[in-house]
Every structure is written in structure tokens, then in C-alpha cells.
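Chemist: Following this message is one structure expressed as C-alpha cells.
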Amino acid sequence: MTKLFKPMLIATLLAAGLAGSALAAGDPPSQSPMPMMEKGRHMDPAQREAMAARHLQGLHDQLKLQASQEGAWKTFAASMKPGERAMPPKPQAGDTAPQRMERMLDMMKQHQDAMQKRLDALKTFYAQLTPEQQKVMDQWHGQMGRRMGPMSKPQSK
């Protein structure tokens with residue numbers, strides 16, 4: 001189970017990063033403890049996709065890509081599009097606790113597979129970037145975790 005925790009955390013951070021562009025776009029913050037997650041979760045899928053597209057366009061503009069890098073960008077951007085979210089498995093009448101947990105584990109494996117595809121696209125794209133562009137990408141990717149709010153604040157030692 002612990003092997004799946006880190007990929008699921010990364011998936012959550014990634015989703016929060018895409019949803020977090022709402023704040024950058026000037027949307028008012030909500031009173032929820034995790035405003036971006038709540039907004040993204042209840043947002044119309046078309047709005048969520050438009051918000052993610054604006055966020056990726058901003059990254060594209062910051063990177064100042066060369067024509068030779070556009071193919072890798074398109075693959076990367078396609079991998080970052082918010083897809084259909086897998087719904088948590090609904091309990092079936094007569095299901096046992098192990099059966100419910102198996103369905104949950106299957107859902108987590110689907111999320112992990114999707115994250116692996118995104119990672120592969122990121123690695124391919126990142127390898128095509130200049131050192132300056134890599135710095136921009138590192139900063140952009142690092143900001144995704146900070147957009148989540150209280151959960152991502154560093155622990156004081």
C-alpha cells in the first residue's frame with residue numbers, strides 16, 4: 001500500500017497544480033481549506049479544461065520554445081490535459097470489505113498508470129529544453145505543490 005501512496009500524492013499535487021491556475025487567473029479564493037481542489041472538483045469539465053489550457057499556454061509563453069521543440073511540447077501538453085476522473089467504486093450490494101478494497105486498489109493503479117504516462121512525456125519534453133528553459137520548467141513544476149495550500153507547507157524542525 002505504501003508503494004502507491006507517493007504516486008497518488010503526486011497525482012493529487014498535479015491535479016491541484018492544474019486547478020491552482022484559477023487563482024493565477026484572478027478567480028476569488030473560496031473559504032474551503034483546499035480551495036483549488038474544491039473548485040476543480042466541482043467545476044464544469046469544460047471550464048476545468050479551459051483553465052488548464054490557459055495555464056499551459058502561460059507555461060508555453062514563459063518557455064519561449066523554438067520550432068524544433070514544439071513537437072515534444074504538444075506531446076507533453078496533451079499528457080497534461082485533465083482527463084476523465086475515475087469515480088470511486090460504488091459499493092455493490094453484498095460486497096465484502098476485501099472486494100471494495102480491491103476495486104479501490106484497481107482505481108489507484110489506473111491513476112498510477114496515468115501518472116507514469118505524464119512522467120514519460122515530461123521526461124521527453126524536459127530533455128529537449130535548454131538549461132534556461134529547464135529552470136523555468138523546474139520553477140513551474142515546483143509551484144504546483146505550493147498551490148495546494150496548508151498541506152504543502154514545509155514542516156518546521
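Quick note on naming: the chains in the C-alpha cells go A, B, ... in the order shown, residues restart at 1 in each chain, and ligands are numbered from 1 in order of appearance.
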Show which residues sit within 10 Å of Glu70 (chain A), as a CSV table (one decimal) with N, CA and C atoms, in the first residue's frame. Count only C-alpha atoms, and ignore same-chain residues fewer than 4 positions away.

Modeler:
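Final file, selection11.csv:
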```csv
chain,number,residue,atom,x,y,z
A,60,HIS,N,3.9,27.7,-21.8
A,60,HIS,CA,4.4,27.8,-23.2
A,60,HIS,C,5.1,29.1,-23.5
A,65,LEU,N,9.6,28.6,-26.6
A,65,LEU,CA,10.1,27.4,-27.3
A,65,LEU,C,10.5,27.7,-28.7
A,66,GLN,N,11.5,26.9,-29.1
A,66,GLN,CA,12.0,27.0,-30.5
A,66,GLN,C,11.1,26.1,-31.3
A,74,LYS,N,3.8,19.6,-27.7
A,74,LYS,CA,2.5,19.1,-28.0
A,74,LYS,C,2.2,17.7,-27.3
A,75,THR,N,3.2,16.9,-27.3
A,75,THR,CA,3.0,15.6,-26.6
A,75,THR,C,2.9,15.8,-25.1
A,76,PHE,N,3.7,16.7,-24.5
A,76,PHE,CA,3.7,17.0,-23.1
A,76,PHE,C,2.4,17.6,-22.8
A,125,PHE,N,10.0,15.8,-23.0
A,125,PHE,CA,10.0,17.2,-23.2
A,125,PHE,C,11.1,17.9,-22.5
A,128,GLN,N,14.5,18.0,-24.2
A,128,GLN,CA,14.6,18.9,-25.3
A,128,GLN,C,14.8,20.4,-25.0
```

Chemist: So, counting only C-alpha atoms, which residue among A:Ser79, A:Gln47, A:Gln62, A:Gln57 is closest to Lys123 (chain A)?

Modeler: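 Closest candidate: A:Ser79.
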